[in-house]
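model-v8.cif follows; it contains mmCIF, N, CA and C atoms.
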```cif
data_query
#
loop_
_atom_site.label_atom_id
_atom_site.label_comp_id
_atom_site.auth_asym_id
_atom_site.auth_seq_id
_atom_site.Cartn_x
_atom_site.Cartn_y
_atom_site.Cartn_z
N MET A 93 -20.67 15.37 25.51
CA MET A 93 -19.36 15.97 25.28
C MET A 93 -18.28 14.88 25.12
N VAL A 94 -18.32 13.88 26.01
CA VAL A 94 -17.33 12.81 25.93
C VAL A 94 -17.51 12.02 24.63
N SER A 95 -18.76 11.78 24.22
CA SER A 95 -19.05 11.03 23.01
C SER A 95 -18.51 11.76 21.78
N ARG A 96 -18.69 13.07 21.74
CA ARG A 96 -18.20 13.88 20.62
C ARG A 96 -16.68 13.81 20.55
N GLU A 97 -16.03 13.91 21.68
CA GLU A 97 -14.58 13.84 21.74
C GLU A 97 -14.08 12.45 21.31
N HIS A 98 -14.80 11.41 21.70
CA HIS A 98 -14.45 10.04 21.32
C HIS A 98 -14.59 9.87 19.80
N LYS A 99 -15.67 10.40 19.22
CA LYS A 99 -15.87 10.31 17.76
C LYS A 99 -14.77 11.06 17.02
N ARG A 100 -14.42 12.23 17.50
CA ARG A 100 -13.38 13.03 16.87
C ARG A 100 -12.04 12.29 16.92
N SER A 101 -11.75 11.69 18.06
CA SER A 101 -10.52 10.94 18.22
C SER A 101 -10.49 9.72 17.30
N ALA A 102 -11.61 9.02 17.21
CA ALA A 102 -11.70 7.84 16.35
C ALA A 102 -11.53 8.25 14.88
N LEU A 103 -12.16 9.36 14.47
CA LEU A 103 -12.03 9.84 13.10
C LEU A 103 -10.58 10.21 12.80
N HIS A 104 -9.94 10.91 13.73
CA HIS A 104 -8.54 11.30 13.55
C HIS A 104 -7.65 10.06 13.39
N GLU A 105 -7.89 9.06 14.20
CA GLU A 105 -7.10 7.83 14.14
C GLU A 105 -7.30 7.13 12.79
N LYS A 106 -8.54 7.07 12.32
CA LYS A 106 -8.81 6.43 11.04
C LYS A 106 -8.19 7.20 9.88
N LEU A 107 -8.20 8.52 9.96
CA LEU A 107 -7.56 9.32 8.92
C LEU A 107 -6.05 9.09 8.92
N GLN A 108 -5.46 8.93 10.09
CA GLN A 108 -4.02 8.68 10.16
C GLN A 108 -3.68 7.31 9.57
N ILE A 109 -4.54 6.33 9.81
CA ILE A 109 -4.34 5.01 9.23
C ILE A 109 -4.45 5.10 7.71
N LEU A 110 -5.47 5.81 7.22
CA LEU A 110 -5.65 6.00 5.78
C LEU A 110 -4.44 6.72 5.19
N ARG A 111 -3.96 7.71 5.89
CA ARG A 111 -2.80 8.48 5.45
C ARG A 111 -1.57 7.57 5.31
N SER A 112 -1.37 6.70 6.28
CA SER A 112 -0.19 5.82 6.23
C SER A 112 -0.35 4.75 5.15
N LEU A 113 -1.56 4.24 4.94
CA LEU A 113 -1.78 3.21 3.92
C LEU A 113 -1.56 3.75 2.52
N THR A 114 -1.87 5.00 2.31
CA THR A 114 -1.77 5.59 0.97
C THR A 114 -0.47 6.38 0.78
N ASN A 115 0.42 6.31 1.75
CA ASN A 115 1.70 7.04 1.70
C ASN A 115 1.50 8.53 1.47
N SER A 116 0.45 9.06 2.05
CA SER A 116 0.14 10.49 1.91
C SER A 116 0.96 11.29 2.91
N HIS A 117 1.37 12.47 2.48
CA HIS A 117 2.08 13.38 3.39
C HIS A 117 1.19 14.57 3.75
N ALA A 118 -0.07 14.48 3.37
CA ALA A 118 -1.01 15.57 3.62
C ALA A 118 -1.32 15.67 5.12
N LEU A 119 -1.70 16.87 5.52
CA LEU A 119 -2.04 17.11 6.92
C LEU A 119 -3.52 17.37 7.12
N ARG A 120 -4.17 17.94 6.10
CA ARG A 120 -5.59 18.25 6.23
C ARG A 120 -6.43 17.03 5.87
N LYS A 121 -7.62 16.96 6.48
CA LYS A 121 -8.53 15.84 6.24
C LYS A 121 -8.87 15.72 4.75
N SER A 122 -9.22 16.84 4.16
CA SER A 122 -9.63 16.80 2.75
C SER A 122 -8.49 16.34 1.84
N SER A 123 -7.27 16.75 2.14
CA SER A 123 -6.13 16.36 1.33
C SER A 123 -5.83 14.86 1.49
N ILE A 124 -6.00 14.36 2.69
CA ILE A 124 -5.79 12.92 2.93
C ILE A 124 -6.80 12.12 2.11
N ILE A 125 -8.04 12.58 2.08
CA ILE A 125 -9.09 11.88 1.34
C ILE A 125 -8.84 11.96 -0.17
N VAL A 126 -8.38 13.11 -0.65
CA VAL A 126 -8.05 13.26 -2.08
C VAL A 126 -6.90 12.32 -2.44
N ASP A 127 -5.86 12.26 -1.59
CA ASP A 127 -4.74 11.35 -1.84
C ASP A 127 -5.20 9.90 -1.85
N ALA A 128 -6.10 9.55 -0.94
CA ALA A 128 -6.63 8.18 -0.89
C ALA A 128 -7.40 7.87 -2.15
N SER A 129 -8.16 8.84 -2.65
CA SER A 129 -8.92 8.63 -3.88
C SER A 129 -7.98 8.39 -5.06
N LYS A 130 -6.90 9.17 -5.16
CA LYS A 130 -5.92 8.97 -6.23
C LYS A 130 -5.25 7.60 -6.10
N TYR A 131 -4.96 7.21 -4.88
CA TYR A 131 -4.34 5.92 -4.62
C TYR A 131 -5.24 4.78 -5.09
N ILE A 132 -6.52 4.89 -4.81
CA ILE A 132 -7.49 3.87 -5.23
C ILE A 132 -7.58 3.80 -6.75
N LYS A 133 -7.58 4.97 -7.41
CA LYS A 133 -7.60 4.99 -8.87
C LYS A 133 -6.37 4.31 -9.45
N ASP A 134 -5.19 4.59 -8.85
CA ASP A 134 -3.96 3.95 -9.31
C ASP A 134 -4.03 2.43 -9.15
N LEU A 135 -4.57 2.00 -8.01
CA LEU A 135 -4.71 0.55 -7.79
C LEU A 135 -5.65 -0.07 -8.81
N LYS A 136 -6.74 0.62 -9.15
CA LYS A 136 -7.67 0.11 -10.15
C LYS A 136 -6.98 -0.05 -11.50
N HIS A 137 -6.14 0.93 -11.88
CA HIS A 137 -5.41 0.85 -13.14
C HIS A 137 -4.43 -0.33 -13.12
N LYS A 138 -3.76 -0.53 -11.99
CA LYS A 138 -2.83 -1.66 -11.89
C LYS A 138 -3.57 -2.98 -12.02
N VAL A 139 -4.72 -3.09 -11.39
CA VAL A 139 -5.52 -4.31 -11.48
C VAL A 139 -5.95 -4.55 -12.92
N GLU A 140 -6.40 -3.51 -13.62
CA GLU A 140 -6.79 -3.65 -15.03
C GLU A 140 -5.62 -4.13 -15.88
N ARG A 141 -4.44 -3.53 -15.66
CA ARG A 141 -3.25 -3.91 -16.43
C ARG A 141 -2.88 -5.36 -16.14
N LEU A 142 -2.92 -5.76 -14.88
CA LEU A 142 -2.59 -7.15 -14.54
C LEU A 142 -3.61 -8.12 -15.12
N ASN A 143 -4.88 -7.74 -15.11
CA ASN A 143 -5.91 -8.60 -15.72
C ASN A 143 -5.67 -8.75 -17.21
N GLN A 144 -5.23 -7.68 -17.87
CA GLN A 144 -4.92 -7.77 -19.30
C GLN A 144 -3.74 -8.70 -19.54
N GLU A 145 -2.71 -8.60 -18.68
CA GLU A 145 -1.55 -9.48 -18.82
C GLU A 145 -1.96 -10.94 -18.61
N ILE A 146 -2.81 -11.18 -17.63
CA ILE A 146 -3.27 -12.54 -17.37
C ILE A 146 -4.05 -13.06 -18.57
N ALA A 147 -4.91 -12.21 -19.13
CA ALA A 147 -5.69 -12.62 -20.29
C ALA A 147 -4.78 -12.95 -21.47
N CYS A 148 -3.71 -12.18 -21.64
CA CYS A 148 -2.77 -12.44 -22.73
C CYS A 148 -2.06 -13.76 -22.54
N THR A 149 -1.69 -14.08 -21.32
CA THR A 149 -0.95 -15.32 -21.08
C THR A 149 -1.86 -16.54 -21.16
N GLN A 150 -3.16 -16.35 -21.03
CA GLN A 150 -4.08 -17.47 -21.07
C GLN A 150 -4.64 -17.73 -22.47
N LYS A 151 -4.24 -16.92 -23.43
CA LYS A 151 -4.69 -17.15 -24.80
C LYS A 151 -4.07 -18.44 -25.30
N PRO A 152 -4.79 -19.16 -26.16
CA PRO A 152 -4.20 -20.40 -26.69
C PRO A 152 -2.92 -20.12 -27.46
N VAL A 153 -2.00 -21.04 -27.35
CA VAL A 153 -0.72 -20.88 -28.02
C VAL A 153 -0.91 -21.07 -29.52
N ASP A 154 -0.45 -20.10 -30.29
CA ASP A 154 -0.53 -20.24 -31.73
C ASP A 154 0.76 -20.92 -32.22
N ASN A 155 0.94 -20.96 -33.50
CA ASN A 155 2.10 -21.67 -34.04
C ASN A 155 3.35 -20.80 -34.12
N SER A 156 3.33 -19.66 -33.46
CA SER A 156 4.52 -18.82 -33.50
C SER A 156 5.62 -19.47 -32.65
N PRO A 157 6.85 -19.26 -33.05
CA PRO A 157 7.96 -19.90 -32.34
C PRO A 157 8.12 -19.35 -30.93
N LEU A 158 8.70 -20.18 -30.08
CA LEU A 158 8.99 -19.76 -28.72
C LEU A 158 10.16 -18.77 -28.75
N PRO A 159 10.30 -17.96 -27.73
CA PRO A 159 11.43 -17.03 -27.68
C PRO A 159 12.77 -17.75 -27.80
N ALA A 160 13.70 -17.08 -28.47
CA ALA A 160 15.05 -17.63 -28.65
C ALA A 160 15.87 -17.32 -27.40
N VAL A 161 16.68 -18.29 -27.00
CA VAL A 161 17.52 -18.14 -25.81
C VAL A 161 18.97 -18.42 -26.19
N THR A 162 19.86 -17.50 -25.83
CA THR A 162 21.30 -17.75 -25.98
C THR A 162 21.96 -17.42 -24.65
N VAL A 163 22.97 -18.21 -24.31
CA VAL A 163 23.71 -18.00 -23.07
C VAL A 163 25.20 -18.06 -23.40
N GLU A 164 25.90 -17.01 -23.02
CA GLU A 164 27.35 -16.96 -23.23
C GLU A 164 28.02 -16.99 -21.86
N THR A 165 29.13 -17.71 -21.77
CA THR A 165 29.88 -17.78 -20.52
C THR A 165 30.81 -16.59 -20.43
N LEU A 166 30.75 -15.91 -19.29
CA LEU A 166 31.66 -14.81 -19.00
C LEU A 166 32.68 -15.30 -17.97
N GLU A 167 33.58 -14.42 -17.56
CA GLU A 167 34.61 -14.81 -16.60
C GLU A 167 34.01 -15.40 -15.33
N LYS A 168 33.06 -14.72 -14.75
CA LYS A 168 32.42 -15.22 -13.52
C LYS A 168 30.91 -15.10 -13.64
N GLY A 169 30.35 -15.74 -14.65
CA GLY A 169 28.91 -15.68 -14.81
C GLY A 169 28.49 -15.92 -16.24
N PHE A 170 27.34 -15.34 -16.59
CA PHE A 170 26.75 -15.60 -17.90
C PHE A 170 26.11 -14.34 -18.46
N LEU A 171 26.06 -14.26 -19.79
CA LEU A 171 25.31 -13.24 -20.50
C LEU A 171 24.15 -13.97 -21.14
N ILE A 172 22.93 -13.64 -20.71
CA ILE A 172 21.74 -14.36 -21.16
C ILE A 172 20.91 -13.44 -22.04
N HIS A 173 20.54 -13.92 -23.24
CA HIS A 173 19.67 -13.19 -24.15
C HIS A 173 18.40 -14.01 -24.35
N VAL A 174 17.25 -13.34 -24.24
CA VAL A 174 15.97 -13.97 -24.56
C VAL A 174 15.26 -13.00 -25.50
N PHE A 175 14.79 -13.50 -26.65
CA PHE A 175 14.13 -12.63 -27.61
C PHE A 175 12.91 -13.33 -28.22
N SER A 176 11.84 -12.56 -28.36
CA SER A 176 10.64 -13.04 -29.02
C SER A 176 10.11 -11.93 -29.93
N GLU A 177 9.53 -12.33 -31.07
CA GLU A 177 8.98 -11.37 -32.02
C GLU A 177 7.74 -10.67 -31.45
N LYS A 178 7.10 -11.29 -30.47
CA LYS A 178 5.89 -10.70 -29.91
C LYS A 178 6.09 -10.38 -28.42
N SER A 179 5.30 -9.47 -27.93
CA SER A 179 5.35 -9.11 -26.52
C SER A 179 4.82 -10.28 -25.68
N CYS A 180 5.44 -10.51 -24.55
CA CYS A 180 5.06 -11.63 -23.68
C CYS A 180 4.93 -11.14 -22.24
N PRO A 181 3.83 -10.44 -21.91
CA PRO A 181 3.68 -9.95 -20.54
C PRO A 181 3.73 -11.10 -19.53
N GLY A 182 4.55 -10.95 -18.54
CA GLY A 182 4.66 -11.96 -17.50
C GLY A 182 5.85 -12.89 -17.68
N LEU A 183 6.41 -12.96 -18.88
CA LEU A 183 7.53 -13.86 -19.14
C LEU A 183 8.77 -13.45 -18.35
N LEU A 184 8.97 -12.16 -18.20
CA LEU A 184 10.14 -11.67 -17.47
C LEU A 184 10.18 -12.25 -16.06
N VAL A 185 9.04 -12.30 -15.40
CA VAL A 185 8.97 -12.84 -14.05
C VAL A 185 9.38 -14.31 -14.04
N SER A 186 8.90 -15.07 -15.01
CA SER A 186 9.24 -16.49 -15.10
C SER A 186 10.74 -16.70 -15.28
N VAL A 187 11.34 -15.89 -16.12
CA VAL A 187 12.78 -16.02 -16.37
C VAL A 187 13.57 -15.62 -15.13
N LEU A 188 13.17 -14.55 -14.47
CA LEU A 188 13.89 -14.12 -13.28
C LEU A 188 13.76 -15.14 -12.14
N GLU A 189 12.62 -15.82 -12.07
CA GLU A 189 12.46 -16.88 -11.07
C GLU A 189 13.44 -18.01 -11.33
N VAL A 190 13.69 -18.33 -12.60
CA VAL A 190 14.67 -19.36 -12.94
C VAL A 190 16.06 -18.93 -12.48
N PHE A 191 16.39 -17.67 -12.71
CA PHE A 191 17.69 -17.17 -12.27
C PHE A 191 17.84 -17.38 -10.76
N GLU A 192 16.78 -17.05 -10.04
CA GLU A 192 16.81 -17.21 -8.59
C GLU A 192 16.96 -18.68 -8.20
N ASP A 193 16.22 -19.56 -8.88
CA ASP A 193 16.31 -21.00 -8.60
C ASP A 193 17.73 -21.54 -8.86
N LEU A 194 18.38 -20.99 -9.88
CA LEU A 194 19.74 -21.44 -10.21
C LEU A 194 20.80 -20.81 -9.32
N GLY A 195 20.41 -19.84 -8.53
CA GLY A 195 21.37 -19.14 -7.68
C GLY A 195 22.17 -18.10 -8.43
N LEU A 196 21.63 -17.61 -9.56
CA LEU A 196 22.30 -16.55 -10.32
C LEU A 196 21.93 -15.20 -9.73
N ASN A 197 22.93 -14.40 -9.46
CA ASN A 197 22.69 -13.03 -9.01
C ASN A 197 22.73 -12.14 -10.24
N VAL A 198 21.64 -11.44 -10.51
CA VAL A 198 21.57 -10.57 -11.68
C VAL A 198 22.33 -9.29 -11.36
N LEU A 199 23.39 -9.06 -12.11
CA LEU A 199 24.21 -7.88 -11.91
C LEU A 199 23.71 -6.71 -12.74
N GLU A 200 23.22 -7.03 -13.92
CA GLU A 200 22.72 -6.00 -14.83
C GLU A 200 21.69 -6.64 -15.74
N ALA A 201 20.61 -5.91 -16.02
CA ALA A 201 19.58 -6.45 -16.91
C ALA A 201 18.94 -5.32 -17.69
N LYS A 202 18.63 -5.62 -18.93
CA LYS A 202 17.87 -4.71 -19.80
C LYS A 202 16.70 -5.53 -20.33
N ALA A 203 15.50 -4.98 -20.20
CA ALA A 203 14.32 -5.71 -20.68
C ALA A 203 13.40 -4.76 -21.41
N SER A 204 12.76 -5.28 -22.44
CA SER A 204 11.76 -4.54 -23.19
C SER A 204 10.60 -5.48 -23.48
N CYS A 205 9.41 -5.02 -23.16
CA CYS A 205 8.22 -5.86 -23.36
C CYS A 205 7.15 -5.12 -24.16
N THR A 206 7.53 -4.11 -24.92
CA THR A 206 6.55 -3.30 -25.62
C THR A 206 5.93 -4.02 -26.80
N ASP A 207 6.62 -4.04 -27.94
CA ASP A 207 6.11 -4.74 -29.12
C ASP A 207 6.70 -6.14 -29.24
N THR A 208 7.95 -6.24 -28.83
CA THR A 208 8.64 -7.53 -28.81
C THR A 208 9.08 -7.78 -27.38
N PHE A 209 9.56 -8.97 -27.11
CA PHE A 209 10.12 -9.26 -25.78
C PHE A 209 11.61 -9.44 -25.95
N ARG A 210 12.37 -8.67 -25.19
CA ARG A 210 13.82 -8.75 -25.26
C ARG A 210 14.36 -8.63 -23.84
N LEU A 211 15.22 -9.57 -23.48
CA LEU A 211 15.89 -9.54 -22.18
C LEU A 211 17.36 -9.81 -22.40
N GLN A 212 18.18 -8.95 -21.84
CA GLN A 212 19.62 -9.17 -21.83
C GLN A 212 20.04 -9.02 -20.38
N ALA A 213 20.61 -10.08 -19.81
CA ALA A 213 20.97 -10.04 -18.40
C ALA A 213 22.37 -10.62 -18.20
N ILE A 214 23.07 -10.03 -17.24
CA ILE A 214 24.35 -10.56 -16.83
C ILE A 214 24.15 -11.11 -15.43
N GLY A 215 24.41 -12.40 -15.29
CA GLY A 215 24.22 -13.05 -14.00
C GLY A 215 25.51 -13.66 -13.52
N ARG A 216 25.77 -13.48 -12.23
CA ARG A 216 26.94 -14.09 -11.62
C ARG A 216 26.52 -15.41 -11.02
N ASP A 217 27.32 -16.40 -11.26
CA ASP A 217 27.03 -17.76 -10.82
C ASP A 217 27.27 -17.87 -9.32
N GLY A 218 26.21 -18.21 -8.58
CA GLY A 218 26.34 -18.43 -7.14
C GLY A 218 26.77 -19.86 -6.85
N GLU A 219 26.50 -20.76 -7.77
CA GLU A 219 26.85 -22.18 -7.61
C GLU A 219 27.60 -22.60 -8.87
N SER A 220 27.99 -23.85 -8.93
CA SER A 220 28.68 -24.32 -10.13
C SER A 220 27.64 -24.73 -11.17
N THR A 221 27.35 -23.83 -12.08
CA THR A 221 26.38 -24.06 -13.14
C THR A 221 27.06 -23.75 -14.46
N ASP A 222 26.77 -24.55 -15.48
CA ASP A 222 27.35 -24.25 -16.79
C ASP A 222 26.32 -23.56 -17.67
N ALA A 223 26.79 -23.01 -18.78
CA ALA A 223 25.94 -22.23 -19.67
C ALA A 223 24.80 -23.07 -20.23
N GLU A 224 25.07 -24.33 -20.54
CA GLU A 224 24.04 -25.19 -21.11
C GLU A 224 22.91 -25.43 -20.10
N ALA A 225 23.26 -25.60 -18.83
CA ALA A 225 22.25 -25.80 -17.78
C ALA A 225 21.39 -24.55 -17.62
N VAL A 226 22.00 -23.38 -17.71
CA VAL A 226 21.25 -22.13 -17.62
C VAL A 226 20.29 -22.02 -18.80
N LYS A 227 20.78 -22.31 -19.99
CA LYS A 227 19.94 -22.23 -21.19
C LYS A 227 18.77 -23.20 -21.10
N GLU A 228 19.03 -24.43 -20.69
CA GLU A 228 17.96 -25.42 -20.57
C GLU A 228 16.92 -25.00 -19.53
N ALA A 229 17.37 -24.45 -18.42
CA ALA A 229 16.44 -24.02 -17.37
C ALA A 229 15.56 -22.87 -17.86
N VAL A 230 16.15 -21.92 -18.59
CA VAL A 230 15.38 -20.80 -19.12
C VAL A 230 14.39 -21.30 -20.18
N GLU A 231 14.82 -22.20 -21.03
CA GLU A 231 13.92 -22.75 -22.05
C GLU A 231 12.77 -23.52 -21.42
N ARG A 232 13.03 -24.27 -20.34
CA ARG A 232 11.95 -24.98 -19.63
C ARG A 232 10.95 -23.99 -19.05
N ALA A 233 11.46 -22.89 -18.49
CA ALA A 233 10.56 -21.87 -17.92
C ALA A 233 9.70 -21.25 -19.01
N ILE A 234 10.29 -21.02 -20.18
CA ILE A 234 9.54 -20.44 -21.29
C ILE A 234 8.45 -21.41 -21.75
N LYS A 235 8.79 -22.68 -21.85
CA LYS A 235 7.80 -23.68 -22.26
C LYS A 235 6.67 -23.78 -21.25
N ARG A 236 7.01 -23.74 -19.96
CA ARG A 236 5.97 -23.75 -18.92
C ARG A 236 5.10 -22.51 -19.03
N PHE A 237 5.72 -21.38 -19.28
CA PHE A 237 5.00 -20.12 -19.39
C PHE A 237 3.96 -20.19 -20.52
N PHE A 238 4.38 -20.77 -21.65
CA PHE A 238 3.48 -20.86 -22.81
C PHE A 238 2.61 -22.11 -22.79
N GLY A 239 2.81 -22.96 -21.80
CA GLY A 239 1.99 -24.17 -21.68
C GLY A 239 2.33 -25.22 -22.72
N VAL A 240 3.58 -25.24 -23.13
CA VAL A 240 4.03 -26.20 -24.14
C VAL A 240 4.68 -27.37 -23.42
N GLY A 241 4.27 -28.59 -23.77
CA GLY A 241 4.88 -29.78 -23.18
C GLY A 241 6.28 -29.99 -23.69
N GLU A 242 7.08 -30.62 -22.88
CA GLU A 242 8.48 -30.85 -23.29
C GLU A 242 8.62 -32.11 -24.06
#
```
Would you mind giving the structure from this file in structure tokens?
Amino acid sequence: MVSREHKRSALHEKLQILRSLTNSHALRKSSIIVDASKYIKDLKHKVERLNQEIACTQKPVDNSPLPAVTVETLEKGFLIHVFSEKSCPGLLVSVLEVFEDLGLNVLEAKASCTDTFRLQAIGRDGESTDAEAVKEAVERAIKRFFGVGE
């Protein structure tokens, strides 16, 4: 009797852990398991998508031009445009890391990575940085992203 109660308690505890890991709001055992199954499928899709992005970034660089970068000075910050004729999965992260390194706070950003890569961002200067320094830093990040030597 005690063993059965211990097993039931252990199962309940494990289901609660599974429920919290998968952000499930279900109360029944079967519903918790169904939610966990959906969660695992979603994770598998995310892994596949990330693997595809990694494969795209590891392709050899062809002779296509690097994305164009323009930086305009605003009253208290910059308007940054990055554009490429082709989609560049993962480039957005590289550019945003540069913003962080420069101490730019992104106030507004629009990005598209479907067929082409387009980023328009407004960043407020946290430190004394000029537009040319921002442009050079973004261009360096793009070259690193594509594996192009400076």
Open item on the list: Using only C-alpha atoms, which protein or nucleic acid residues come within 8 Å of region 170-187 of chain A? Drop anything in the same chain fewer than 5 positions from it, and give the result as JSON, numbers by chain.
Closed with: {"A": [145, 146, 148, 149, 158, 159, 160, 161, 162, 163, 164, 165, 203, 205, 206, 207, 208, 209, 210, 211, 212, 213, 214, 215, 216, 217, 223, 230, 233, 234, 237]}
Open item on the list: as a PyMOL selection string, please: every residue in chain A that a backbone DSSP assignment puts in alpha helix (DSSP H).
Closed with: chain A and resi 94-113+121-149+183-194+223-238
Open item on the list: Can you pull out every residue from region 108-207 of chain A that DSSP, working from the backbone, puts in strand (DSSP E), and format the result as number ranges by chain?
Closed with: A: 160-166, 169-176, 196-204
Next, write the just-selected residues to a file, as a CSV table (one decimal), keeping the file's coordinate frame, keeping N, CA and C atoms as the atom set.
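The resulting part-v5.csv:
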```csv
chain,number,residue,atom,x,y,z
A,160,ALA,N,13.7,-17.1,-28.5
A,160,ALA,CA,15.0,-17.6,-28.6
A,160,ALA,C,15.9,-17.3,-27.4
A,161,VAL,N,16.7,-18.3,-27.0
A,161,VAL,CA,17.5,-18.1,-25.8
A,161,VAL,C,19.0,-18.4,-26.2
A,162,THR,N,19.9,-17.5,-25.8
A,162,THR,CA,21.3,-17.8,-26.0
A,162,THR,C,22.0,-17.4,-24.6
A,163,VAL,N,23.0,-18.2,-24.3
A,163,VAL,CA,23.7,-18.0,-23.1
A,163,VAL,C,25.2,-18.1,-23.4
A,164,GLU,N,25.9,-17.0,-23.0
A,164,GLU,CA,27.4,-17.0,-23.2
A,164,GLU,C,28.0,-17.0,-21.9
A,165,THR,N,29.1,-17.7,-21.8
A,165,THR,CA,29.9,-17.8,-20.5
A,165,THR,C,30.8,-16.6,-20.4
A,166,LEU,N,30.8,-15.9,-19.3
A,166,LEU,CA,31.7,-14.8,-19.0
A,166,LEU,C,32.7,-15.3,-18.0
A,169,GLY,N,30.4,-15.7,-14.6
A,169,GLY,CA,28.9,-15.7,-14.8
A,169,GLY,C,28.5,-15.9,-16.2
A,170,PHE,N,27.3,-15.3,-16.6
A,170,PHE,CA,26.8,-15.6,-17.9
A,170,PHE,C,26.1,-14.3,-18.5
A,171,LEU,N,26.1,-14.3,-19.8
A,171,LEU,CA,25.3,-13.2,-20.5
A,171,LEU,C,24.2,-14.0,-21.1
A,172,ILE,N,22.9,-13.6,-20.7
A,172,ILE,CA,21.7,-14.4,-21.2
A,172,ILE,C,20.9,-13.4,-22.0
A,173,HIS,N,20.5,-13.9,-23.2
A,173,HIS,CA,19.7,-13.2,-24.2
A,173,HIS,C,18.4,-14.0,-24.4
A,174,VAL,N,17.2,-13.3,-24.2
A,174,VAL,CA,16.0,-14.0,-24.6
A,174,VAL,C,15.3,-13.0,-25.5
A,175,PHE,N,14.8,-13.5,-26.6
A,175,PHE,CA,14.1,-12.6,-27.6
A,175,PHE,C,12.9,-13.3,-28.2
A,176,SER,N,11.8,-12.6,-28.4
A,176,SER,CA,10.6,-13.0,-29.0
A,176,SER,C,10.1,-11.9,-29.9
A,196,LEU,N,21.6,-17.6,-9.6
A,196,LEU,CA,22.3,-16.6,-10.3
A,196,LEU,C,21.9,-15.2,-9.7
A,197,ASN,N,22.9,-14.4,-9.5
A,197,ASN,CA,22.7,-13.0,-9.0
A,197,ASN,C,22.7,-12.1,-10.2
A,198,VAL,N,21.6,-11.4,-10.5
A,198,VAL,CA,21.6,-10.6,-11.7
A,198,VAL,C,22.3,-9.3,-11.4
A,199,LEU,N,23.4,-9.1,-12.1
A,199,LEU,CA,24.2,-7.9,-11.9
A,199,LEU,C,23.7,-6.7,-12.7
A,200,GLU,N,23.2,-7.0,-13.9
A,200,GLU,CA,22.7,-6.0,-14.8
A,200,GLU,C,21.7,-6.6,-15.7
A,201,ALA,N,20.6,-5.9,-16.0
A,201,ALA,CA,19.6,-6.4,-16.9
A,201,ALA,C,18.9,-5.3,-17.7
A,202,LYS,N,18.6,-5.6,-18.9
A,202,LYS,CA,17.9,-4.7,-19.8
A,202,LYS,C,16.7,-5.5,-20.3
A,203,ALA,N,15.5,-5.0,-20.2
A,203,ALA,CA,14.3,-5.7,-20.7
A,203,ALA,C,13.4,-4.8,-21.4
A,204,SER,N,12.8,-5.3,-22.4
A,204,SER,CA,11.8,-4.5,-23.2
A,204,SER,C,10.6,-5.5,-23.5
```
- [ ] Measure the distance from atom N of Lys227 (chain A) to atom N of Glu167 (chain A) in Å and round it to one decimal.
- [x]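 Straight-line distance from atom N of Lys227 (chain A) to atom N of Glu167 (chain A) works out to 15.2 Å.
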Open item on the list: What does the structure give for the distance between atom N of Arg120 (chain A) and CA of Ile132 (chain A), in Å to one decimal?
Closed with: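 Computing it gives 18.4 Å between the two atoms.
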Task: Distance in Å - CA of Asp193 (chain A) versus CA of Thr221 (chain A) - done: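 Separation of CA of Asp193 (chain A) and CA of Thr221 (chain A): 11.5 Å.
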Task: Hits of the PyMOL selection byres ((chain A and resi 127) around 8) in this structure, as a ChimeraX atom specification - done: /A:110-111,114-118,121-126,128-133
Only N, CA and C atoms needed: put region 107-118 of chain A from the block into a file as a short mmCIF file (atom, residue, chain, number, x, y, z; two decimals), in the first residue's frame.
```
data_model
loop_
_atom_site.label_atom_id
_atom_site.label_comp_id
_atom_site.auth_asym_id
_atom_site.auth_seq_id
_atom_site.Cartn_x
_atom_site.Cartn_y
_atom_site.Cartn_z
N LEU A 107 4.70 14.61 -13.38
CA LEU A 107 3.76 15.26 -14.29
C LEU A 107 3.72 16.77 -14.05
N GLN A 108 3.83 17.18 -12.80
CA GLN A 108 3.83 18.62 -12.49
C GLN A 108 5.09 19.28 -13.04
N ILE A 109 6.21 18.59 -12.96
CA ILE A 109 7.46 19.11 -13.52
C ILE A 109 7.31 19.23 -15.04
N LEU A 110 6.78 18.20 -15.68
CA LEU A 110 6.56 18.21 -17.12
C LEU A 110 5.61 19.35 -17.50
N ARG A 111 4.58 19.53 -16.71
CA ARG A 111 3.60 20.59 -16.94
C ARG A 111 4.28 21.96 -16.89
N SER A 112 5.14 22.17 -15.91
CA SER A 112 5.80 23.47 -15.78
C SER A 112 6.83 23.68 -16.89
N LEU A 113 7.54 22.63 -17.30
CA LEU A 113 8.54 22.76 -18.36
C LEU A 113 7.91 23.11 -19.70
N THR A 114 6.73 22.61 -19.94
CA THR A 114 6.07 22.82 -21.23
C THR A 114 5.06 23.97 -21.20
N ASN A 115 5.01 24.69 -20.09
CA ASN A 115 4.07 25.81 -19.92
C ASN A 115 2.63 25.38 -20.16
N SER A 116 2.31 24.18 -19.75
CA SER A 116 0.96 23.64 -19.92
C SER A 116 0.07 24.13 -18.78
N HIS A 117 -1.18 24.39 -19.12
CA HIS A 117 -2.16 24.77 -18.10
C HIS A 117 -3.16 23.64 -17.87
N ALA A 118 -2.86 22.49 -18.45
CA ALA A 118 -3.76 21.34 -18.34
C ALA A 118 -3.74 20.79 -16.92
#
```
